[in-house]
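*Asks:* Sharing structure_7.pdb here; it has PDB, C-alpha atoms.
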```
ATOM      1  CA  MET J 198     -23.116  61.909 -84.415
ATOM      2  CA  GLY J 199     -22.382  58.302 -84.355
ATOM      3  CA  LYS J 200     -18.977  59.001 -83.023
ATOM      4  CA  PHE J 201     -19.634  57.968 -79.437
ATOM      5  CA  LYS J 202     -21.862  55.107 -80.113
ATOM      6  CA  ARG J 203     -21.694  52.477 -77.447
ATOM      7  CA  LYS J 204     -20.432  49.191 -78.616
ATOM      8  CA  ASN J 205     -22.700  46.827 -76.791
ATOM      9  CA  GLU J 206     -25.667  48.720 -75.596
ATOM     10  CA  GLY J 207     -27.760  47.504 -72.679
ATOM     11  CA  GLU J 208     -25.019  45.276 -71.315
ATOM     12  CA  SER J 209     -22.845  46.902 -68.677
ATOM     13  CA  PRO J 210     -19.219  45.783 -68.687
ATOM     14  CA  LYS J 211     -18.122  43.571 -65.834
ATOM     15  CA  ILE J 212     -15.842  45.172 -63.276
ATOM     16  CA  SER J 213     -12.711  43.184 -62.774
ATOM     17  CA  THR J 214     -12.267  42.072 -59.195
ATOM     18  CA  ALA J 215      -8.745  40.898 -59.730
ATOM     19  CA  SER J 216      -7.297  43.852 -57.827
ATOM     20  CA  LEU J 217      -9.622  43.417 -54.885
ATOM     21  CA  PRO J 218      -7.166  41.237 -52.951
ATOM     22  CA  ASP J 219      -4.494  43.872 -53.456
ATOM     23  CA  ILE J 220      -6.680  46.581 -52.026
ATOM     24  CA  VAL J 221      -7.669  44.430 -49.091
ATOM     25  CA  PHE J 222      -4.067  43.473 -48.447
ATOM     26  CA  MET J 223      -3.099  47.101 -48.447
ATOM     27  CA  LEU J 224      -5.683  47.840 -45.777
ATOM     28  CA  LEU J 225      -4.631  44.730 -43.921
ATOM     29  CA  PHE J 226      -1.019  45.834 -43.769
ATOM     30  CA  PHE J 227      -2.030  49.262 -42.585
ATOM     31  CA  PHE J 228      -3.987  47.861 -39.679
ATOM     32  CA  MET J 229      -1.303  45.318 -38.867
ATOM     33  CA  VAL J 230       1.236  48.073 -38.563
ATOM     34  CA  ALA J 231      -1.064  50.403 -36.656
ATOM     35  CA  THR J 232      -2.181  47.768 -34.190
ATOM     36  CA  VAL J 233      -0.708  47.978 -30.764
ATOM     37  CA  LEU J 234      -1.469  44.939 -28.755
ATOM     38  CA  ARG J 235      -1.778  45.756 -25.115
ATOM     39  CA  GLU J 236       1.553  45.190 -23.457
ATOM     40  CA  VAL J 237       0.514  45.061 -19.855
ATOM     41  CA  GLU J 238      -2.270  43.112 -18.326
ATOM     42  CA  LEU J 239      -4.344  45.378 -16.174
ATOM     43  CA  LYS J 240      -4.756  44.119 -12.651
ATOM     44  CA  VAL J 241      -6.736  47.104 -11.485
ATOM     45  CA  THR J 242     -10.009  48.566 -12.674
ATOM     46  CA  ASN J 243      -9.347  51.441 -14.991
ATOM     47  CA  ASP J 244     -12.371  53.508 -15.783
ATOM     48  CA  LEU J 245     -10.723  56.753 -16.807
ATOM     49  CA  PRO J 246     -12.367  60.106 -16.172
ATOM     50  CA  LYS J 247     -13.462  62.290 -19.047
ATOM     51  CA  ALA J 248     -12.121  65.718 -19.843
ATOM     52  CA  SER J 249     -12.270  68.089 -22.772
ATOM     53  CA  GLU J 250      -9.135  70.214 -22.419
ATOM     54  CA  VAL J 251      -6.682  67.462 -23.163
ATOM     55  CA  SER J 252      -3.548  67.206 -25.198
ATOM     56  CA  LYS J 253      -1.877  64.223 -26.736
ATOM     57  CA  LEU J 254       1.221  62.644 -25.365
ATOM     58  CA  GLN J 255       3.719  62.403 -28.156
ATOM     59  CA  ARG J 256       6.525  59.859 -28.301
ATOM     60  CA  LYS J 257       5.154  56.761 -26.706
ATOM     61  CA  SER J 258       8.612  55.535 -25.873
ATOM     62  CA  LEU J 259       9.040  58.437 -23.475
ATOM     63  CA  VAL J 260       5.917  57.811 -21.441
ATOM     64  CA  SER J 261       5.878  55.744 -18.296
ATOM     65  CA  HIS J 262       2.564  54.550 -16.999
ATOM     66  CA  ILE J 263       1.194  54.291 -13.514
ATOM     67  CA  TYR J 264      -2.137  52.535 -13.208
ATOM     68  CA  VAL J 265      -4.372  53.186 -10.250
ATOM     69  CA  GLY J 266      -7.705  51.613  -9.431
ATOM     70  CA  ALA J 267      -9.435  48.933  -7.439
ATOM     71  CA  GLY J 268      -7.774  45.530  -7.478
ATOM     72  CA  LYS J 269      -9.332  42.871  -9.656
ATOM     73  CA  TYR J 270      -7.685  39.590  -8.713
ATOM     74  CA  GLY J 271      -6.370  37.585  -5.801
ATOM     75  CA  LYS J 272      -5.885  39.141  -2.445
ATOM     76  CA  TRP J 273      -6.284  42.615  -3.876
ATOM     77  CA  LYS J 274      -9.758  41.882  -5.146
ATOM     78  CA  GLY J 275     -12.117  44.608  -4.090
ATOM     79  CA  GLU J 276      -9.448  46.687  -2.429
ATOM     80  CA  LYS J 277     -10.230  50.251  -3.332
ATOM     81  CA  ASN J 278      -6.912  51.916  -3.980
ATOM     82  CA  CYS J 279      -4.321  49.804  -5.715
ATOM     83  CA  LEU J 280      -1.328  50.770  -7.741
ATOM     84  CA  GLN J 281       0.101  48.892 -10.671
ATOM     85  CA  LEU J 282       3.587  49.460 -11.998
ATOM     86  CA  ASN J 283       4.488  47.476 -15.081
ATOM     87  CA  ASP J 284       2.908  44.072 -14.572
ATOM     88  CA  ALA J 285       2.525  43.858 -10.853
ATOM     89  CA  ILE J 286       0.594  45.467  -8.052
ATOM     90  CA  ALA J 287       2.971  47.672  -6.138
ATOM     91  CA  GLU J 288       3.030  49.924  -3.148
ATOM     92  CA  VAL J 289       3.416  53.659  -3.029
ATOM     93  CA  LYS J 290       6.946  53.359  -1.681
ATOM     94  CA  ASP J 291       8.005  51.478  -4.833
ATOM     95  CA  ILE J 292       7.382  54.517  -7.016
ATOM     96  CA  PRO J 293      10.772  56.253  -6.636
ATOM     97  CA  ALA J 294      12.607  53.087  -7.679
ATOM     98  CA  PHE J 295      10.243  52.697 -10.620
ATOM     99  CA  VAL J 296      10.771  56.255 -11.793
ATOM    100  CA  LEU J 297      14.523  55.951 -11.477
ATOM    101  CA  ALA J 298      14.494  52.679 -13.417
ATOM    102  CA  GLU J 299      12.408  54.290 -16.141
ATOM    103  CA  ARG J 300      14.902  57.114 -16.298
ATOM    104  CA  ALA J 301      17.876  54.798 -16.444
ATOM    105  CA  ALA J 302      16.312  52.928 -19.349
ATOM    106  CA  ARG J 303      16.323  56.029 -21.521
ATOM    107  CA  HIS J 304      19.140  57.810 -23.201
ATOM    108  CA  GLU J 305      20.638  60.630 -21.224
ATOM    109  CA  ASP J 306      19.437  63.323 -23.606
ATOM    110  CA  GLU J 307      15.889  62.111 -23.456
ATOM    111  CA  ARG J 308      15.500  61.828 -19.715
ATOM    112  CA  LYS J 309      14.118  65.324 -19.371
ATOM    113  CA  LEU J 310      11.388  64.544 -21.840
ATOM    114  CA  ILE J 311       9.836  61.670 -19.925
ATOM    115  CA  TRP J 312       6.192  62.092 -19.067
ATOM    116  CA  THR J 313       4.415  60.125 -16.417
ATOM    117  CA  SER J 314       0.958  59.128 -17.429
ATOM    118  CA  LEU J 315      -1.227  58.631 -14.405
ATOM    119  CA  LYS J 316      -4.048  56.347 -15.381
ATOM    120  CA  ALA J 317      -6.325  56.455 -12.415
ATOM    121  CA  ASP J 318      -9.814  55.116 -12.016
ATOM    122  CA  ASN J 319     -12.701  57.506 -11.510
ATOM    123  CA  ALA J 320     -13.383  56.219  -8.024
ATOM    124  CA  THR J 321      -9.843  56.487  -6.690
ATOM    125  CA  GLU J 322      -9.724  58.491  -3.521
ATOM    126  CA  MET J 323      -7.721  61.678  -3.497
ATOM    127  CA  TYR J 324      -5.509  60.862  -0.527
ATOM    128  CA  PHE J 325      -4.039  58.006  -2.580
ATOM    129  CA  ILE J 326      -3.408  60.242  -5.592
ATOM    130  CA  ASP J 327      -1.753  62.677  -3.223
ATOM    131  CA  GLN J 328       0.563  59.970  -1.891
ATOM    132  CA  ILE J 329       1.553  59.056  -5.436
ATOM    133  CA  THR J 330       2.208  62.616  -6.550
ATOM    134  CA  THR J 331       4.216  63.237  -3.385
ATOM    135  CA  GLU J 332       6.491  60.317  -4.258
ATOM    136  CA  LEU J 333       6.847  61.607  -7.810
ATOM    137  CA  ARG J 334       7.759  65.035  -6.527
ATOM    138  CA  ARG J 335      10.300  63.509  -4.169
ATOM    139  CA  VAL J 336      12.334  61.995  -7.001
ATOM    140  CA  SER J 337      12.170  65.017  -9.260
ATOM    141  CA  PRO J 338      14.052  67.985  -7.866
ATOM    142  CA  MET J 339      13.370  69.873 -11.098
ATOM    143  CA  GLY J 340       9.650  69.264 -11.124
ATOM    144  CA  HIS J 341       7.856  66.268 -12.515
ATOM    145  CA  LYS J 342       5.920  66.181 -15.746
ATOM    146  CA  ILE J 343       2.649  64.404 -15.287
ATOM    147  CA  SER J 344      -0.356  63.804 -17.453
ATOM    148  CA  TYR J 345      -3.646  62.930 -15.842
ATOM    149  CA  THR J 346      -4.770  60.548 -18.515
ATOM    150  CA  THR J 347      -8.394  60.933 -19.479
ATOM    151  CA  LYS J 348     -10.795  59.934 -22.141
ATOM    152  CA  LYS J 349     -11.533  62.653 -24.595
ATOM    153  CA  GLU J 350     -14.929  64.164 -24.161
ATOM    154  CA  ASN J 351     -16.458  66.165 -26.917
ATOM    155  CA  LYS J 352     -18.350  69.199 -25.828
TER     156      LYS J 352
ATOM    157  CA  MET I 161       3.479   9.227 -67.046
ATOM    158  CA  SER I 162       1.136  11.204 -69.061
ATOM    159  CA  LYS I 163      -0.089  13.000 -65.928
ATOM    160  CA  SER I 164       3.258  14.507 -65.024
ATOM    161  CA  ARG I 165       3.634  16.024 -68.415
ATOM    162  CA  ARG I 166       0.512  18.017 -68.113
ATOM    163  CA  SER I 167       0.941  21.535 -66.909
ATOM    164  CA  LEU I 168      -0.026  22.156 -63.270
ATOM    165  CA  PRO I 169      -3.602  23.231 -62.789
ATOM    166  CA  GLU I 170      -3.889  26.886 -61.865
ATOM    167  CA  ILE I 171      -4.741  27.588 -58.262
ATOM    168  CA  ASN I 172      -7.938  29.478 -57.959
ATOM    169  CA  ALA I 173      -7.139  32.822 -56.411
ATOM    170  CA  GLY I 174     -10.745  33.805 -56.037
ATOM    171  CA  SER I 175     -10.819  33.012 -52.328
ATOM    172  CA  MET I 176      -7.714  35.059 -51.657
ATOM    173  CA  ALA I 177      -9.820  38.128 -51.091
ATOM    174  CA  ASP I 178     -11.921  36.265 -48.559
ATOM    175  CA  ILE I 179      -8.879  35.207 -46.570
ATOM    176  CA  ALA I 180      -7.511  38.720 -46.647
ATOM    177  CA  PHE I 181     -10.861  40.101 -45.541
ATOM    178  CA  LEU I 182     -10.918  37.725 -42.626
ATOM    179  CA  LEU I 183      -7.500  38.901 -41.471
ATOM    180  CA  LEU I 184      -8.449  42.484 -42.099
ATOM    181  CA  ILE I 185     -11.517  42.231 -39.940
ATOM    182  CA  PHE I 186      -9.496  40.618 -37.172
ATOM    183  CA  PHE I 187      -7.032  43.491 -37.124
ATOM    184  CA  LEU I 188      -9.769  46.067 -37.458
ATOM    185  CA  VAL I 189     -11.400  44.725 -34.342
ATOM    186  CA  THR I 190      -8.256  44.356 -32.274
ATOM    187  CA  THR I 191      -6.744  47.686 -33.215
ATOM    188  CA  THR I 192      -6.717  50.226 -30.466
ATOM    189  CA  MET I 193      -5.052  53.324 -31.677
ATOM    190  CA  ASP I 194      -4.769  54.424 -28.136
ATOM    191  CA  VAL I 195      -2.922  57.651 -28.116
ATOM    192  CA  ASP I 196      -2.720  58.801 -24.562
ATOM    193  CA  THR I 197      -4.585  61.996 -24.034
ATOM    194  CA  GLY I 198      -4.530  63.773 -20.763
ATOM    195  CA  ILE I 199      -4.345  66.962 -18.800
ATOM    196  CA  LYS I 200      -0.716  67.958 -18.610
ATOM    197  CA  ARG I 201       0.690  69.441 -15.448
ATOM    198  CA  LYS I 202       4.074  69.934 -13.921
ATOM    199  CA  LEU I 203       4.436  68.871 -10.328
ATOM    200  CA  PRO I 204       6.700  71.103  -8.256
ATOM    201  CA  PRO I 205       9.532  69.469  -6.312
ATOM    202  CA  LEU I 206       9.032  68.734  -2.649
ATOM    203  CA  PRO I 207      10.299  71.532  -0.467
ATOM    204  CA  ASP I 208      13.433  70.782   1.566
ATOM    205  CA  GLU I 209      16.131  72.851   3.290
ATOM    206  CA  GLU I 210      17.822  74.004   0.103
ATOM    207  CA  ASN I 211      14.765  74.229  -1.983
ATOM    208  CA  GLN I 212      12.118  76.346  -0.354
ATOM    209  CA  PRO I 213       9.082  77.492  -2.277
ATOM    210  CA  GLU I 214       9.018  81.205  -2.874
ATOM    211  CA  GLN I 215       7.496  82.917   0.082
ATOM    212  CA  VAL I 216       5.140  85.516  -1.163
ATOM    213  CA  ASP I 217       2.872  87.429   1.064
ATOM    214  CA  PHE I 218      -0.418  86.644  -0.539
ATOM    215  CA  HIS I 219      -3.286  88.880   0.151
ATOM    216  CA  LYS I 220      -6.172  86.790   1.215
ATOM    217  CA  ASN I 221      -8.380  87.986  -1.575
ATOM    218  CA  ASN I 222      -5.879  86.629  -4.093
ATOM    219  CA  ILE I 223      -6.629  83.080  -3.115
ATOM    220  CA  LEU I 224      -9.583  81.191  -4.452
ATOM    221  CA  VAL I 225     -10.326  78.045  -2.539
ATOM    222  CA  ILE I 226     -12.036  75.205  -4.336
ATOM    223  CA  ASP I 227     -13.288  72.942  -1.634
ATOM    224  CA  CYS I 228     -14.429  69.434  -2.626
ATOM    225  CA  SER I 229     -16.544  67.389  -0.335
ATOM    226  CA  PRO I 230     -16.246  63.586  -0.427
ATOM    227  CA  ASN I 231     -18.371  61.551  -2.814
ATOM    228  CA  SER I 232     -20.164  64.426  -4.350
ATOM    229  CA  ASP I 233     -20.026  66.657  -7.353
ATOM    230  CA  ILE I 234     -20.915  69.721  -5.341
ATOM    231  CA  ILE I 235     -17.993  71.888  -4.431
ATOM    232  CA  LEU I 236     -17.607  75.087  -2.509
ATOM    233  CA  LEU I 237     -15.936  78.159  -3.893
ATOM    234  CA  GLU I 238     -14.685  80.809  -1.556
ATOM    235  CA  THR I 239     -12.030  83.435  -1.624
ATOM    236  CA  GLY I 240      -9.573  83.664   1.205
ATOM    237  CA  ALA I 241     -11.161  86.921   2.246
ATOM    238  CA  GLU I 242     -14.266  85.127   3.359
ATOM    239  CA  THR I 243     -14.386  83.041   6.479
ATOM    240  CA  ALA I 244     -13.540  79.426   5.878
ATOM    241  CA  GLY I 245     -16.422  77.116   5.089
ATOM    242  CA  ASN I 246     -18.530  80.024   3.978
ATOM    243  CA  GLY I 247     -18.306  79.431   0.250
ATOM    244  CA  LYS I 248     -21.062  79.072  -2.260
ATOM    245  CA  PRO I 249     -21.923  75.628  -3.568
ATOM    246  CA  PHE I 250     -21.432  74.898  -7.263
ATOM    247  CA  GLN I 251     -21.648  71.932  -9.551
ATOM    248  CA  VAL I 252     -18.210  70.969 -10.830
ATOM    249  CA  THR I 253     -19.241  71.782 -14.356
ATOM    250  CA  GLU I 254     -20.353  75.277 -13.376
ATOM    251  CA  ILE I 255     -17.194  76.607 -11.805
ATOM    252  CA  LYS I 256     -15.872  78.127 -15.009
ATOM    253  CA  GLU I 257     -17.776  81.401 -14.673
ATOM    254  CA  PRO I 258     -16.899  82.179 -11.040
ATOM    255  CA  VAL I 259     -13.242  81.232 -11.541
ATOM    256  CA  MET I 260     -13.123  83.471 -14.590
ATOM    257  CA  MET I 261     -14.658  86.309 -12.590
ATOM    258  CA  PHE I 262     -12.139  85.792  -9.832
ATOM    259  CA  LEU I 263      -9.151  85.860 -12.200
ATOM    260  CA  SER I 264     -10.176  88.776 -14.360
ATOM    261  CA  ASN I 265     -11.270  90.984 -11.502
ATOM    262  CA  TYR I 266      -8.331  93.462 -11.452
ATOM    263  CA  GLY I 267      -9.189  94.773  -8.029
ATOM    264  CA  LYS I 268     -12.716  95.861  -8.822
ATOM    265  CA  ASN I 269     -14.293  93.663  -6.220
ATOM    266  CA  PRO I 270     -12.229  93.770  -3.005
ATOM    267  CA  ASP I 271     -13.059  90.132  -2.284
ATOM    268  CA  LEU I 272     -11.595  88.869  -5.535
ATOM    269  CA  SER I 273      -8.107  88.896  -7.020
ATOM    270  CA  GLU I 274      -6.031  92.038  -7.607
ATOM    271  CA  SER I 275      -4.636  90.798 -10.894
ATOM    272  CA  PRO I 276      -4.392  87.426 -12.618
ATOM    273  CA  ASP I 277      -0.652  87.105 -12.057
ATOM    274  CA  LYS I 278      -1.124  87.359  -8.313
ATOM    275  CA  ALA I 279      -4.078  85.033  -8.147
ATOM    276  CA  VAL I 280      -3.746  81.539  -6.758
ATOM    277  CA  VAL I 281      -6.278  78.793  -7.118
ATOM    278  CA  SER I 282      -6.182  76.351  -4.272
ATOM    279  CA  ILE I 283      -7.805  72.978  -4.696
ATOM    280  CA  ARG I 284      -8.614  71.571  -1.304
ATOM    281  CA  SER I 285      -9.844  68.037  -1.598
ATOM    282  CA  HIS I 286     -11.155  65.822   1.107
ATOM    283  CA  LYS I 287      -9.351  62.528   1.724
ATOM    284  CA  LYS I 288     -12.157  60.598   0.140
ATOM    285  CA  THR I 289     -12.913  62.912  -2.758
ATOM    286  CA  HIS I 290     -13.113  60.938  -5.950
ATOM    287  CA  TYR I 291     -10.412  61.399  -8.535
ATOM    288  CA  LYS I 292     -13.127  62.077 -11.088
ATOM    289  CA  THR I 293     -14.095  65.304  -9.351
ATOM    290  CA  TYR I 294     -10.481  66.389  -9.170
ATOM    291  CA  VAL I 295      -9.929  65.806 -12.882
ATOM    292  CA  GLN I 296     -13.066  67.720 -13.720
ATOM    293  CA  ILE I 297     -11.840  70.662 -11.688
ATOM    294  CA  GLN I 298      -8.457  70.550 -13.424
ATOM    295  CA  ASP I 299     -10.254  70.379 -16.737
ATOM    296  CA  GLN I 300     -12.352  73.418 -15.965
ATOM    297  CA  LEU I 301      -9.263  75.322 -14.832
ATOM    298  CA  SER I 302      -7.520  74.484 -18.093
ATOM    299  CA  LEU I 303     -10.541  75.748 -19.931
ATOM    300  CA  VAL I 304     -10.573  79.032 -18.035
ATOM    301  CA  TYR I 305      -6.878  79.667 -18.551
ATOM    302  CA  LYS I 306      -7.056  78.705 -22.185
ATOM    303  CA  GLU I 307      -9.831  81.204 -22.765
ATOM    304  CA  LEU I 308      -8.124  84.016 -20.858
ATOM    305  CA  ARG I 309      -4.818  83.436 -22.632
ATOM    306  CA  ASN I 310      -6.544  83.233 -25.954
ATOM    307  CA  ASN I 311      -8.343  86.525 -25.425
ATOM    308  CA  GLU I 312      -5.156  88.267 -24.360
ATOM    309  CA  SER I 313      -3.238  86.898 -27.308
ATOM    310  CA  LEU I 314      -5.941  87.926 -29.744
ATOM    311  CA  LYS I 315      -5.879  91.405 -28.262
ATOM    312  CA  ARG I 316      -2.090  91.763 -28.463
ATOM    313  CA  TYR I 317      -1.045  89.797 -31.493
ATOM    314  CA  SER I 318      -4.372  89.084 -33.188
ATOM    315  CA  LYS I 319      -3.507  85.418 -33.202
ATOM    316  CA  LYS I 320      -4.668  82.465 -31.212
ATOM    317  CA  TYR I 321      -2.543  81.464 -28.236
ATOM    318  CA  GLU I 322      -1.592  78.085 -29.692
ATOM    319  CA  GLU I 323      -0.333  79.703 -32.876
ATOM    320  CA  LEU I 324       2.111  82.039 -31.145
ATOM    321  CA  ASP I 325       5.826  81.338 -31.008
ATOM    322  CA  THR I 326       7.466  80.542 -27.695
ATOM    323  CA  ASP I 327       8.607  84.082 -26.808
ATOM    324  CA  LYS I 328       5.162  85.506 -27.216
ATOM    325  CA  LYS I 329       3.644  82.570 -25.411
ATOM    326  CA  ASP I 330       5.883  83.356 -22.466
ATOM    327  CA  VAL I 331       4.675  86.950 -22.439
ATOM    328  CA  ILE I 332       1.085  85.783 -22.235
ATOM    329  CA  LYS I 333       1.989  83.153 -19.668
ATOM    330  CA  LYS I 334       3.459  85.857 -17.482
ATOM    331  CA  ILE I 335       0.207  87.743 -17.531
ATOM    332  CA  TYR I 336      -1.836  84.646 -16.824
ATOM    333  CA  PRO I 337       0.395  82.236 -14.952
ATOM    334  CA  MET I 338      -1.388  79.156 -13.789
ATOM    335  CA  ARG I 339      -0.862  78.932 -10.092
ATOM    336  CA  VAL I 340      -2.615  76.032  -8.517
ATOM    337  CA  SER I 341      -1.986  74.700  -5.086
ATOM    338  CA  GLU I 342      -3.322  71.387  -3.928
ATOM    339  CA  THR I 343      -3.983  70.218  -0.437
ATOM    340  CA  ILE I 344      -5.682  67.267   1.130
ATOM    341  CA  LYS I 345      -7.617  67.906   4.273
ATOM    342  CA  GLU I 346      -8.498  65.357   6.870
TER     343      GLU I 346
END
```
For the structure just supplied, provide its representation as structure tokens.

*Replies:*
Amino acid sequence: MGKFKRKNEGESPKISTASLPDIVFMLLFFFMVATVLREVELKVTNDLPKASEVSKLQRKSLVSHIYVGAGKYGKWKGEKNCLQLNDAIAEVKDIPAFVLAERAARHEDERKLIWTSLKADNATEMYFIDQITTELRRVSPMGHKISYTTKKENK
Amino acid sequence: MSKSRRSLPEINAGSMADIAFLLLIFFLVTTTMDVDTGIKRKLPPLPDEENQPEQVDFHKNNILVIDCSPNSDIILLETGAETAGNGKPFQVTEIKEPVMMFLSNYGKNPDLSESPDKAVVSIRSHKKTHYKTYVQIQDQLSLVYKELRNNESLKRYSKKYEELDTDKKDVIKKIYPMRVSETIKE
């Protein structure tokens, strides 16, 4: 009966907070590792369209990005259809060189696995997208893998 | 003299948690776990002398034309059998049903496709059509094909399409190949 008698009734024991920093540090390290700081500065508007039937692009190292949108700064400000490769505004005719450079930067075995992620703004006009895809097709005699990057929309 | 002999006072570690929290919140806010998601497609190579696209004599009823007007969500759907510009207007989000009907027609309606493996969907966008509309169309097409392939795979293997192994996937893909052609009109 008196077996489980509480020792000091009415007074709840204090919880030790000594391990709190450890827990917080653990979380901190997780987020530090998971954080990807944006590598490129966007010089075009990039309001991505939404879609529901999307799939993830695995292996970030094998994705090359093409940004399309309206220019934000300098002489491109307000221009509707601009193209950004890496860090600079480029022209459509620069795409083949860009794709080839991206290919050359990867190991030979991995070149077939490169995906191009086309990050185009909602308001981009289709003739411009067509010019871009035509250039991509020109440099890929075996077909070009492309992903129309979108935001995920839940139905 | 006497001071140096005393043991060092302990540093209060109570604020450690606060510092860690501060850093944690900073990283929480800046973290973008941006995994790229997108609609995957394979672009065919440009045709040249050596590399001509397969010339198939398509019956007109096997072609479904999705015609997008500039700056608008309304698009026209027509099969090749109808006279051009005679399609019915649809909202982009509503094209799933008619496309599905077109693909799974099996020759019942003479205006629609003979069989899904002969059917071609042609997206004809205007020069100034917004990319948003185009992506929505591609999205809807993915949805249609996913559903058709899923149904077929459930019928044959009683499994979902994504769960099949590659050989069986290829069988289903042969029945429902995704044939999309894209053109820009002036």

*Asks:* Within 6 Å of chain I, which residues of chain J show up? Give each one with its shortest atom-to-atom distance in Å (one decimal) and the two atoms involved, counting all atoms listed in the file, rows by chain then rising residue number, as a Markdown table.

*Replies:*
```
| residue | atom | partner | partner_atom | distance |
| --- | --- | --- | --- | --- |
| J:Pro218 | CA | I:Ala177 | CA | 4.5 |
| J:Leu225 | CA | I:Leu184 | CA | 4.8 |
| J:Phe228 | CA | I:Phe187 | CA | 5.9 |
| J:Thr232 | CA | I:Thr191 | CA | 4.7 |
| J:Pro246 | CA | I:Lys292 | CA | 5.5 |
| J:Ala248 | CA | I:Asp299 | CA | 5.9 |
| J:Glu250 | CA | I:Asp299 | CA | 5.8 |
| J:Val251 | CA | I:Gly198 | CA | 4.9 |
| J:Ser252 | CA | I:Thr197 | CA | 5.4 |
| J:Lys253 | CA | I:Thr197 | CA | 4.4 |
| J:Leu254 | CA | I:Asp196 | CA | 5.6 |
| J:Asn319 | CA | I:Lys292 | CA | 4.6 |
| J:Ala320 | CA | I:His290 | CA | 5.2 |
| J:Thr321 | CA | I:Tyr291 | CA | 5.3 |
| J:Glu322 | CA | I:His290 | CA | 4.8 |
| J:Met323 | CA | I:Thr289 | CA | 5.4 |
| J:Tyr324 | CA | I:Lys287 | CA | 4.8 |
| J:Arg334 | CA | I:Pro205 | CA | 4.8 |
| J:Arg335 | CA | I:Leu206 | CA | 5.6 |
| J:Ser337 | CA | I:Pro205 | CA | 6.0 |
| J:Pro338 | CA | I:Pro205 | CA | 5.0 |
| J:Gly340 | CA | I:Pro204 | CA | 4.5 |
| J:His341 | CA | I:Leu203 | CA | 4.8 |
| J:Lys342 | CA | I:Lys202 | CA | 4.6 |
| J:Ile343 | CA | I:Arg201 | CA | 5.4 |
| J:Ser344 | CA | I:Lys200 | CA | 4.3 |
| J:Tyr345 | CA | I:Ile199 | CA | 5.0 |
| J:Thr346 | CA | I:Gly198 | CA | 3.9 |
| J:Thr347 | CA | I:Gly198 | CA | 5.0 |
```

*Asks:* Which of these residues is nearest to Asn269 of chain I, using all atoms listed in the file: I:Lys315, I:Asn221, I:Ser229, I:Ile255?

*Replies:*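 Looking only at the distances to Asn269 of chain I, the closest residue turns out to be I:Asn221.
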
*Asks:* Compare J:Leu310, J:Val289, J:Leu217, J:Lys348 by their minimum atom-to-atom distance to Thr330 of chain J, counting all atoms listed in the file, and give me the closest one.

*Replies:*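 Of all the options, J:Val289 lies closest to Thr330 of chain J.
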
*Asks:* Can you work out the spacing between atom CA of Ser313 of chain I and atom CA of Lys333 of chain I in Å, to one decimal?

*Replies:*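 Rounded to one decimal, the two atoms are 10.0 Å apart.
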
*Asks:* Mind giving me the axis-aligned box for segment 309-326 of chain J with 4 Å on every side, centre plus edges in Å to one decimal, as JSON?

*Replies:*
```
{"center_x": 0.4, "center_y": 60.2, "center_z": -11.2, "size_x": 35.5, "size_y": 18.2, "size_z": 29.3}
```

*Asks:* I need the residue set behind the PyMOL selection byres ((chain J and resi 308) around 12) for this file; please write it as a PDB file with C-alpha atoms, in the frame of the given file.

*Replies:*
```pdb
ATOM      1  CA  SER J 258       8.612  55.535 -25.873  1.00  0.00           C
ATOM      2  CA  LEU J 259       9.040  58.437 -23.475  1.00  0.00           C
ATOM      3  CA  VAL J 260       5.917  57.811 -21.441  1.00  0.00           C
ATOM      4  CA  SER J 261       5.878  55.744 -18.296  1.00  0.00           C
ATOM      5  CA  VAL J 296      10.771  56.255 -11.793  1.00  0.00           C
ATOM      6  CA  LEU J 297      14.523  55.951 -11.477  1.00  0.00           C
ATOM      7  CA  ALA J 298      14.494  52.679 -13.417  1.00  0.00           C
ATOM      8  CA  GLU J 299      12.408  54.290 -16.141  1.00  0.00           C
ATOM      9  CA  ARG J 300      14.902  57.114 -16.298  1.00  0.00           C
ATOM     10  CA  ALA J 301      17.876  54.798 -16.444  1.00  0.00           C
ATOM     11  CA  ALA J 302      16.312  52.928 -19.349  1.00  0.00           C
ATOM     12  CA  ARG J 303      16.323  56.029 -21.521  1.00  0.00           C
ATOM     13  CA  HIS J 304      19.140  57.810 -23.201  1.00  0.00           C
ATOM     14  CA  GLU J 305      20.638  60.630 -21.224  1.00  0.00           C
ATOM     15  CA  ASP J 306      19.437  63.323 -23.606  1.00  0.00           C
ATOM     16  CA  GLU J 307      15.889  62.111 -23.456  1.00  0.00           C
ATOM     17  CA  LYS J 309      14.118  65.324 -19.371  1.00  0.00           C
ATOM     18  CA  LEU J 310      11.388  64.544 -21.840  1.00  0.00           C
ATOM     19  CA  ILE J 311       9.836  61.670 -19.925  1.00  0.00           C
ATOM     20  CA  TRP J 312       6.192  62.092 -19.067  1.00  0.00           C
ATOM     21  CA  THR J 313       4.415  60.125 -16.417  1.00  0.00           C
ATOM     22  CA  SER J 337      12.170  65.017  -9.260  1.00  0.00           C
ATOM     23  CA  MET J 339      13.370  69.873 -11.098  1.00  0.00           C
ATOM     24  CA  HIS J 341       7.856  66.268 -12.515  1.00  0.00           C
ATOM     25  CA  LYS J 342       5.920  66.181 -15.746  1.00  0.00           C
TER      26      LYS J 342
END
```

*Asks:* Tell me, in Å to one decimal, how far atom CA of Val336 of chain J is from atom CA of Leu282 of chain J.

*Replies:* 16.1 Å

*Asks:* Translate the PyMOL selection byres ((chain I and resi 260-262) around 8) into a concrete residue list for this structure, as a ChimeraX atom specification.

*Replies:* /I:224,256-259,263-265,272-273,304

*Asks:* Do you have the atom CA of Lys257 of chain J-atom CA of Phe227 of chain J distance handy?

*Replies:*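 Answer for the atom CA of Lys257 of chain J to atom CA of Phe227 of chain J separation: 19.0 Å.
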